[in-house]
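Novice: First the structure, then my questions, so here it is.
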Amino acid sequence: MSTEAPRFSSLSSRIVPLLIDDVDTDQIIPAEYLKVTGREGLAEGLFAAWRQDPECALHREVFQGAEVLLAGENFGCGSSREHAPWALLDYGFRAVLSPCFADIFRINALRNGLLTIAVDRALHQWLAKSVGQDPTLEITIDLERSTLTLPAGSPFGAEVPFEVDPFARRCLLDGVDQLGYLLQRHAAIASYETNHPARFDSRQPAGEVS
Amino acid sequence: MQPESEANPGSAANAPPSTLFDKIWRRHLVTEPAEAGVPSMLYIDLHLLHEVTTPQAFAELQRRGLPVRCPQRAVATMDQSTPTLPGVGRSGLRVIDPRGADQLDQLEANCERHGIPLFALGDDRQGIVHVIGPELGLTQPGMTIVCGDSHTSTHGAFGALAFGIGSSEVTHVLATQCLLQQRPRTFEVHLEGELQHGATAKDLILGIIAETGVDGGTGHVIEYTGRAIRQLDMEGRMTVCNMSIEAGARAGLIAPDETTFSYLADRPYAPRAWSQAVADWRQLRTDPGAVFDRRITLDAAAIEPMITWGTHPGMSMPVSGTVPVLGEIEPASRPTVEKAWDYMAVKPGEALLGRDVDVVFVGSCTNSRLSDLEAAASILDGRQVASGVEMLVVPGSQTVRRQAEERGLHEVFLAAGAQWREAGCSMCLAMNGDRLAPGQLAVSTTNRNFEGRQGPGGRTVLASPLTAAASAVAGHITDPREML
């Protein structure tokens, strides 16, 4: 909910591995950090419990400033809290690679400009192994071309295409304001409402109507 | 309320068979997608709001100078940051946690400014958002319902398309009453047979998730069908649909039937044109021959009382079972499972029956309704919570609390040594002061056994109200069938 619609074009970055499956949004940002009324400063709560471990990958010098997270399967399951992508963005991440994402997290992330890229399992395994051997490896993400440029020695070729929701892609490339997009269609909404009158009014229970 | 496509008998006769999901989806399309890949504009009938996920949404509305388009389609309540200690109320909460109180103040101010009805603390309709929607009759078949909370899937028990959204989408609905949505796929989970004695709706959904996995429903809306579902009362159906999100599905659906209609009749917000509404609701079922994108069949009779042993709801087993061993786990999943063993302090191959319990929690949008409390009370009646065990019973709403007290359930809980609290989410997500201490083990009727969910370092075993109450009495994890 920044003042402008989020944008994404391309980036090159090291890759922080977090190779646990089914990472839920309670891990990404525990409920204790949801007692806020804004969306700023949430980096403090990012993976708060796991960061207490000095061995946590986020503490490694080599990953400071990295913008890409390599996550396990089903990343972002659980609660719908949009604080999860806000916290990842606030910390400095701009893209997450995973074999698959939970639906609500993926939608929330893309709405905020945090790119979720589903990569096939073989590529995911190779990236995990490669980063394990050489944490300085970099990846390049190009949203316009929808390609990943892989580190040298990739058995998948230097470049692989990725798929992303085409509407989200267009919005991120062009900086489309999705609420503005909906507001422009007010005539269609009004017409729908005329044809589909409500059966209830939340301000007035039926039992209270004389 | 007839959608255009069904208003014309000629086109209806020729229409291909539809799923329940298809019928609700089509009724709510404001615009068809202009081209492939562009999302549909879906109209939202009912928008539920609460304090934790809405402040940023209202702030954005304010920043843009936008009004709320349909306050008459919105209802707000307070449930997550709210205290549950009897008699504490707002002033007490301010002392406990000023940030939580700030969220409550903002919700009150935002609802006041925009004319949205709010069931605040102290209102006799206040409670967990997914408990009060149905009990007030706001939740009705065929509706689209959203809330900034993933357990909005609960309302699918009425044949409503109900799903959780983020705060940005809350702004979209406040401003336009619409959402941009990609059409999900459909998934039928068919339950044959009848649940056995001692197995409940909670055990059924844990059994389903054990089968689908926690990501098996991703990208899908699940429709639950079959005899075991038809035999559930509305509260059991809500328990099942509530945890659809734990299978990765944003929404769960159960076609409305006589059970649904008799539950809704005479509720405060039930339609006044009742027979007309029921006639329409009867059309809300999957047509014979309609095709789902995916389908599984399970035997409900094979489901035993279930518990979880790990750190997500898919890591479960029959209460008398043993924690899976390495050979039963795919190599790629081993680091995740080893982490779960470690966090929960369980060993592969180990039984959890007899494991000491520190806390028992009965509550949450999964299991805090009257029938859940009655189930727990049926075990506790004439028995005592074991010494060293703390048991909290937190009704889902003030209405549930009143109904329970009219039946004397609170006396059963108090006599047994359990605590009887005010309505709210409480220890399900530990935002209100009710929480586990590090290392404590809780048997909990909630929906998420994630690491730290009920308090940093706390360990959660998910179970039914029967299993939770039986474990409280025994002081360790117990098969409830021993006490029925």
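We label chains A, B, ... in the order they appear in the structure tokens, count residues from 1 in each chain, and number ligands from 1 in the order shown.
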Excluding A:Asn108 and its own-chain neighbours fewer than 4 positions away, which residues fall within 8 Å of it when counting only C-alpha atoms? Please give them as a list in words.
Specialist: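 These residues fall inside the cut-off: Glu82, Pro85, Ile104 and Asn112 of chain A; Gly166 and Ser168 of chain B.
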Novice: Within stretch 108-190 of chain A, find each residue whose DSSP state, derived from the backbone, is alpha helix (DSSP H), and express the selection as a PyMOL selection string.
Specialist: chain A and resi 108-111+121-133+166-174+178-183+186-190
Novice: Give me, as a list in words, the residues of stretch 41-146 of chain A that a backbone DSSP run labels strand (DSSP E or B).
Specialist: Val68, Leu69, Leu70, Ala71, Phe75, Cys77, Ala95, Val96, Leu97, Ser98, Phe101, Leu115, Thr116, Ile117, Ala118, Glu138, Ile139, Thr140, Ile141 and Asp142 of chain A
Novice: Got time to write the residues from that selection, N, CA and C atoms, as a short mmCIF file (atom, residue, chain, number, x, y, z; two decimals), in the first residue's frame?
Specialist:
```cif
data_model
loop_
_atom_site.label_atom_id
_atom_site.label_comp_id
_atom_site.auth_asym_id
_atom_site.auth_seq_id
_atom_site.Cartn_x
_atom_site.Cartn_y
_atom_site.Cartn_z
N VAL A 68 17.13 -12.28 -3.17
CA VAL A 68 16.38 -13.46 -3.62
C VAL A 68 16.43 -14.53 -2.55
N LEU A 69 15.24 -15.06 -2.22
CA LEU A 69 15.12 -16.15 -1.26
C LEU A 69 14.81 -17.43 -2.02
N LEU A 70 15.57 -18.48 -1.73
CA LEU A 70 15.28 -19.80 -2.31
C LEU A 70 14.58 -20.61 -1.24
N ALA A 71 13.26 -20.80 -1.41
CA ALA A 71 12.44 -21.41 -0.37
C ALA A 71 12.06 -22.83 -0.76
N PHE A 75 5.66 -22.58 0.07
CA PHE A 75 6.08 -21.44 0.88
C PHE A 75 4.89 -20.50 1.12
N CYS A 77 2.30 -20.87 3.43
CA CYS A 77 1.00 -21.46 3.76
C CYS A 77 0.49 -20.86 5.07
N ALA A 95 12.36 -11.08 -4.45
CA ALA A 95 11.84 -12.24 -5.17
C ALA A 95 12.04 -13.49 -4.32
N VAL A 96 11.10 -14.45 -4.46
CA VAL A 96 11.20 -15.74 -3.80
C VAL A 96 11.07 -16.82 -4.87
N LEU A 97 11.98 -17.79 -4.85
CA LEU A 97 11.90 -18.94 -5.75
C LEU A 97 11.48 -20.14 -4.92
N SER A 98 10.50 -20.89 -5.42
CA SER A 98 10.03 -22.09 -4.73
C SER A 98 9.40 -23.01 -5.77
N PHE A 101 3.94 -22.20 -4.31
CA PHE A 101 3.57 -21.23 -3.27
C PHE A 101 2.14 -21.47 -2.81
N LEU A 115 8.18 -10.63 -6.15
CA LEU A 115 7.95 -11.58 -7.23
C LEU A 115 8.07 -13.01 -6.72
N THR A 116 7.03 -13.81 -6.95
CA THR A 116 7.06 -15.23 -6.60
C THR A 116 7.27 -16.02 -7.88
N ILE A 117 8.35 -16.77 -7.94
CA ILE A 117 8.67 -17.51 -9.15
C ILE A 117 8.67 -19.00 -8.84
N ALA A 118 7.74 -19.72 -9.49
CA ALA A 118 7.68 -21.17 -9.32
C ALA A 118 8.71 -21.79 -10.27
N GLU A 138 25.25 -15.87 -8.25
CA GLU A 138 24.18 -14.89 -8.49
C GLU A 138 23.21 -15.40 -9.54
N ILE A 139 21.99 -14.92 -9.43
CA ILE A 139 20.96 -15.22 -10.42
C ILE A 139 20.42 -13.88 -10.92
N THR A 140 19.99 -13.86 -12.19
CA THR A 140 19.36 -12.65 -12.72
C THR A 140 17.92 -12.96 -13.09
N ILE A 141 17.03 -12.11 -12.61
CA ILE A 141 15.60 -12.28 -12.90
C ILE A 141 15.19 -11.13 -13.81
N ASP A 142 14.64 -11.47 -14.98
CA ASP A 142 14.18 -10.45 -15.92
C ASP A 142 12.68 -10.68 -16.13
#
```
Novice: Let me make sure I understand: among A:Asp165, A:Asp134, A:Glu67, A:Glu55, which one has the smallest atom-to-atom distance to A:Arg106 if we use only C-alpha atoms?
Specialist: A:Asp165
Novice: If we count only C-alpha atoms, what is near B:Ala201 at a cut-off of 7 Å, once residues fewer than 4 positions away on the same chain are taken out, given as an mmCIF file with C-alpha atoms, in the first residue's frame?
Specialist:
```cif
data_model
loop_
_atom_site.group_PDB
_atom_site.id
_atom_site.type_symbol
_atom_site.label_atom_id
_atom_site.label_comp_id
_atom_site.auth_asym_id
_atom_site.auth_seq_id
_atom_site.Cartn_x
_atom_site.Cartn_y
_atom_site.Cartn_z
ATOM 1 C CA ILE B 205 -10.915 -32.977 8.344
ATOM 2 C CA GLY B 236 -19.544 -29.979 12.171
ATOM 3 C CA THR B 239 -15.288 -27.367 11.341
ATOM 4 C CA VAL B 240 -14.590 -29.246 8.102
#
```
Novice: For chain A against chain B, with a cut-off of 8 Å and counting only C-alpha atoms, what is the closest atom pair and its distance in Å to one decimal for every residue that makes the cut, ordered by chain and number, as JSON lines?
Specialist:
```
{"residue": "A:Met1", "atom": "CA", "partner": "B:Glu60", "partner_atom": "CA", "distance": 6.6}
{"residue": "A:Ile20", "atom": "CA", "partner": "B:Thr336", "partner_atom": "CA", "distance": 5.3}
{"residue": "A:Asp21", "atom": "CA", "partner": "B:Thr336", "partner_atom": "CA", "distance": 5.8}
{"residue": "A:Asp22", "atom": "CA", "partner": "B:Val214", "partner_atom": "CA", "distance": 7.7}
{"residue": "A:Asp24", "atom": "CA", "partner": "B:Phe450", "partner_atom": "CA", "distance": 7.4}
{"residue": "A:Asp26", "atom": "CA", "partner": "B:Arg453", "partner_atom": "CA", "distance": 6.7}
{"residue": "A:Gln27", "atom": "CA", "partner": "B:Glu451", "partner_atom": "CA", "distance": 7.2}
{"residue": "A:Pro30", "atom": "CA", "partner": "B:Arg453", "partner_atom": "CA", "distance": 7.5}
{"residue": "A:Ala31", "atom": "CA", "partner": "B:Met431", "partner_atom": "CA", "distance": 6.3}
{"residue": "A:Glu32", "atom": "CA", "partner": "B:Met431", "partner_atom": "CA", "distance": 6.1}
{"residue": "A:Leu34", "atom": "CA", "partner": "B:Val52", "partner_atom": "CA", "distance": 6.8}
{"residue": "A:Lys35", "atom": "CA", "partner": "B:Gly100", "partner_atom": "CA", "distance": 5.6}
{"residue": "A:Val36", "atom": "CA", "partner": "B:Arg99", "partner_atom": "CA", "distance": 6.6}
{"residue": "A:Thr37", "atom": "CA", "partner": "B:Pro55", "partner_atom": "CA", "distance": 5.2}
{"residue": "A:Gly38", "atom": "CA", "partner": "B:Gln56", "partner_atom": "CA", "distance": 5.6}
{"residue": "A:Arg39", "atom": "CA", "partner": "B:Gln56", "partner_atom": "CA", "distance": 6.9}
{"residue": "A:Ala49", "atom": "CA", "partner": "B:Pro456", "partner_atom": "CA", "distance": 7.5}
{"residue": "A:Asn74", "atom": "CA", "partner": "B:Asp215", "partner_atom": "CA", "distance": 6.3}
{"residue": "A:Cys77", "atom": "CA", "partner": "B:Gly248", "partner_atom": "CA", "distance": 7.0}
{"residue": "A:Gly78", "atom": "CA", "partner": "B:Glu246", "partner_atom": "CA", "distance": 6.6}
{"residue": "A:Ser79", "atom": "CA", "partner": "B:Ser150", "partner_atom": "CA", "distance": 5.3}
{"residue": "A:Ser80", "atom": "CA", "partner": "B:Ser150", "partner_atom": "CA", "distance": 5.0}
{"residue": "A:Arg81", "atom": "CA", "partner": "B:Gly166", "partner_atom": "CA", "distance": 6.0}
{"residue": "A:Glu82", "atom": "CA", "partner": "B:Gly166", "partner_atom": "CA", "distance": 5.2}
{"residue": "A:Ala102", "atom": "CA", "partner": "B:Thr218", "partner_atom": "CA", "distance": 6.4}
{"residue": "A:Asp103", "atom": "CA", "partner": "B:Thr218", "partner_atom": "CA", "distance": 6.3}
{"residue": "A:Ile104", "atom": "CA", "partner": "B:Ile165", "partner_atom": "CA", "distance": 6.7}
{"residue": "A:Asn108", "atom": "CA", "partner": "B:Gly166", "partner_atom": "CA", "distance": 6.0}
{"residue": "A:Arg111", "atom": "CA", "partner": "B:Ser168", "partner_atom": "CA", "distance": 7.5}
{"residue": "A:Asp165", "atom": "CA", "partner": "B:Gly37", "partner_atom": "CA", "distance": 7.2}
{"residue": "A:Pro166", "atom": "CA", "partner": "B:Gly37", "partner_atom": "CA", "distance": 5.7}
{"residue": "A:Phe167", "atom": "CA", "partner": "B:Val38", "partner_atom": "CA", "distance": 5.5}
{"residue": "A:Leu179", "atom": "CA", "partner": "B:His172", "partner_atom": "CA", "distance": 5.8}
{"residue": "A:Leu182", "atom": "CA", "partner": "B:Thr176", "partner_atom": "CA", "distance": 6.8}
{"residue": "A:Leu183", "atom": "CA", "partner": "B:Thr176", "partner_atom": "CA", "distance": 6.4}
{"residue": "A:His186", "atom": "CA", "partner": "B:Thr176", "partner_atom": "CA", "distance": 7.5}
{"residue": "A:Ala188", "atom": "CA", "partner": "B:Val30", "partner_atom": "CA", "distance": 6.4}
{"residue": "A:Ile189", "atom": "CA", "partner": "B:Val30", "partner_atom": "CA", "distance": 6.3}
{"residue": "A:Tyr192", "atom": "CA", "partner": "B:Val30", "partner_atom": "CA", "distance": 6.0}
{"residue": "A:Asn195", "atom": "CA", "partner": "B:Met1", "partner_atom": "CA", "distance": 7.7}
{"residue": "A:His196", "atom": "CA", "partner": "B:Met1", "partner_atom": "CA", "distance": 5.5}
{"residue": "A:Pro197", "atom": "CA", "partner": "B:Met1", "partner_atom": "CA", "distance": 6.9}
{"residue": "A:Ala198", "atom": "CA", "partner": "B:Asp45", "partner_atom": "CA", "distance": 7.5}
{"residue": "A:Arg199", "atom": "CA", "partner": "B:Pro271", "partner_atom": "CA", "distance": 6.0}
{"residue": "A:Phe200", "atom": "CA", "partner": "B:Tyr269", "partner_atom": "CA", "distance": 6.5}
{"residue": "A:Asp201", "atom": "CA", "partner": "B:Gln72", "partner_atom": "CA", "distance": 5.0}
{"residue": "A:Ser202", "atom": "CA", "partner": "B:Gln72", "partner_atom": "CA", "distance": 4.9}
{"residue": "A:Arg203", "atom": "CA", "partner": "B:Gln72", "partner_atom": "CA", "distance": 5.6}
{"residue": "A:Pro205", "atom": "CA", "partner": "B:Tyr269", "partner_atom": "CA", "distance": 4.8}
{"residue": "A:Ala206", "atom": "CA", "partner": "B:Tyr269", "partner_atom": "CA", "distance": 5.2}
{"residue": "A:Gly207", "atom": "CA", "partner": "B:Pro268", "partner_atom": "CA", "distance": 5.3}
{"residue": "A:Glu208", "atom": "CA", "partner": "B:Pro268", "partner_atom": "CA", "distance": 7.9}
```
Novice: Dump C-alpha atoms for the selected residues as a compact mmCIF listing (two decimals), in the first residue's frame?
Specialist:
```
# COMPACT_ATOMS: atom_id res chain seq x y z
CA MET A 1 0.00 0.00 0.00
CA ILE A 20 12.37 -26.07 4.62
CA ASP A 21 9.03 -27.12 3.12
CA ASP A 22 5.66 -25.70 4.18
CA ASP A 24 3.91 -20.85 7.11
CA ASP A 26 3.45 -17.51 11.25
CA GLN A 27 7.16 -18.32 10.75
CA PRO A 30 4.85 -14.26 14.11
CA ALA A 31 1.51 -12.90 15.35
CA GLU A 32 3.30 -10.90 18.05
CA LEU A 34 0.98 -8.04 13.87
CA LYS A 35 0.01 -5.60 16.62
CA VAL A 36 0.70 -2.71 14.32
CA THR A 37 -1.54 -0.41 12.37
CA GLY A 38 0.99 0.41 9.63
CA ARG A 39 3.07 -1.71 7.29
CA ALA A 49 12.06 -17.17 15.94
CA ASN A 74 4.48 -24.63 -0.37
CA CYS A 77 1.00 -21.46 3.76
CA GLY A 78 -1.37 -20.65 6.60
CA SER A 79 -2.59 -17.23 7.61
CA SER A 80 -3.59 -14.59 5.05
CA ARG A 81 -1.54 -11.88 6.80
CA GLU A 82 -0.16 -9.47 4.19
CA ALA A 102 0.48 -21.08 -1.11
CA ASP A 103 -2.28 -19.15 -2.91
CA ILE A 104 -2.98 -16.24 -0.58
CA ASN A 108 -0.41 -10.81 -1.54
CA ARG A 111 0.21 -7.18 -5.22
CA ASP A 165 0.39 -14.74 -13.68
CA PRO A 166 0.21 -12.63 -16.89
CA PHE A 167 -1.97 -9.94 -15.31
CA LEU A 179 -7.56 -0.54 -7.23
CA LEU A 182 -11.35 -1.66 -10.44
CA LEU A 183 -12.56 1.90 -9.79
CA HIS A 186 -17.73 1.52 -11.64
CA ALA A 188 -20.24 -2.29 -14.62
CA ILE A 189 -20.38 -2.59 -10.82
CA TYR A 192 -24.44 -5.56 -11.53
CA ASN A 195 -29.57 -6.58 -11.38
CA HIS A 196 -28.63 -8.34 -8.13
CA PRO A 197 -30.28 -6.63 -5.14
CA ALA A 198 -28.97 -7.72 -1.73
CA ARG A 199 -31.04 -10.04 0.48
CA PHE A 200 -29.77 -8.37 3.64
CA ASP A 201 -28.61 -5.06 5.07
CA SER A 202 -25.91 -5.49 7.70
CA ARG A 203 -27.01 -2.24 9.33
CA PRO A 205 -31.26 -7.17 10.89
CA ALA A 206 -34.48 -8.48 9.34
CA GLY A 207 -35.78 -9.20 12.83
CA GLU A 208 -35.54 -5.50 13.70
```
Novice: Contacts of B:Ser368 at 9 Å or less, counting only C-alpha atoms, minus same-chain residues fewer than 2 places along, as a list in words?
Specialist: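 Selected residues are Val131, Val362, Gly363, Ser364, Cys365, Thr366, Leu370, Ser371, Asp372, Leu373, Val393, Val394, Pro395, Gly396, Ser397, Val400, Thr445, Thr446 and Pro465 of chain B.
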Novice: For A:Ser146, list every protein, DNA or RNA residue within 7 Å, evaluated using only C-alpha atoms, and leave out those in the same chain fewer than 5 positions away; present the list as a PyMOL selection string.
Specialist: chain A and resi 161-163
Novice: With N, CA and C atoms retained, export the selected residues as a PDB file, in the first residue's frame.
Specialist:
```pdb
ATOM      1  N   PRO A 161      13.141 -19.957 -19.029  1.00  0.00           N
ATOM      2  CA  PRO A 161      11.942 -19.119 -18.898  1.00  0.00           C
ATOM      3  C   PRO A 161      11.194 -19.466 -17.611  1.00  0.00           C
ATOM      4  N   PHE A 162      10.442 -18.517 -17.058  1.00  0.00           N
ATOM      5  CA  PHE A 162       9.540 -18.848 -15.948  1.00  0.00           C
ATOM      6  C   PHE A 162       8.157 -18.299 -16.261  1.00  0.00           C
ATOM      7  N   GLU A 163       7.170 -18.914 -15.616  1.00  0.00           N
ATOM      8  CA  GLU A 163       5.793 -18.475 -15.816  1.00  0.00           C
ATOM      9  C   GLU A 163       5.347 -17.661 -14.617  1.00  0.00           C
TER      10      GLU A 163
END
```
Novice: I want to know what sits within 12 Å of A:Glu61, based on only C-alpha atoms, with residues of the same chain fewer than 6 positions away left out; could you give that as a ChimeraX atom specification?
Specialist: /A:14,16,54-55,135-136
Novice: Just the residues within 6 Å of A:Ala84, please, counting only C-alpha atoms, with nothing from its chain fewer than 4 positions along; format it as an mmCIF file with C-alpha atoms, in the first residue's frame.
Specialist:
```cif
data_model
loop_
_atom_site.group_PDB
_atom_site.id
_atom_site.type_symbol
_atom_site.label_atom_id
_atom_site.label_comp_id
_atom_site.auth_asym_id
_atom_site.auth_seq_id
_atom_site.Cartn_x
_atom_site.Cartn_y
_atom_site.Cartn_z
ATOM 1 C CA THR A 25 3.283 -17.149 7.449
ATOM 2 C CA ILE A 28 7.637 -15.520 8.212
ATOM 3 C CA ILE A 29 6.204 -13.085 10.745
#
```
Novice: Could you tell me how far atom CA of B:Ala301 sits from atom CA of B:Leu204, in Å to one decimal place?
Specialist: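 Separation of atom CA of B:Leu204 and atom CA of B:Ala301: 9.5 Å.
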Novice: Can you work out the spacing between atom CA of B:Arg421 and atom CA of B:His197 in Å, to one decimal?
Specialist: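 Between these atoms lies a distance of 29.2 Å.
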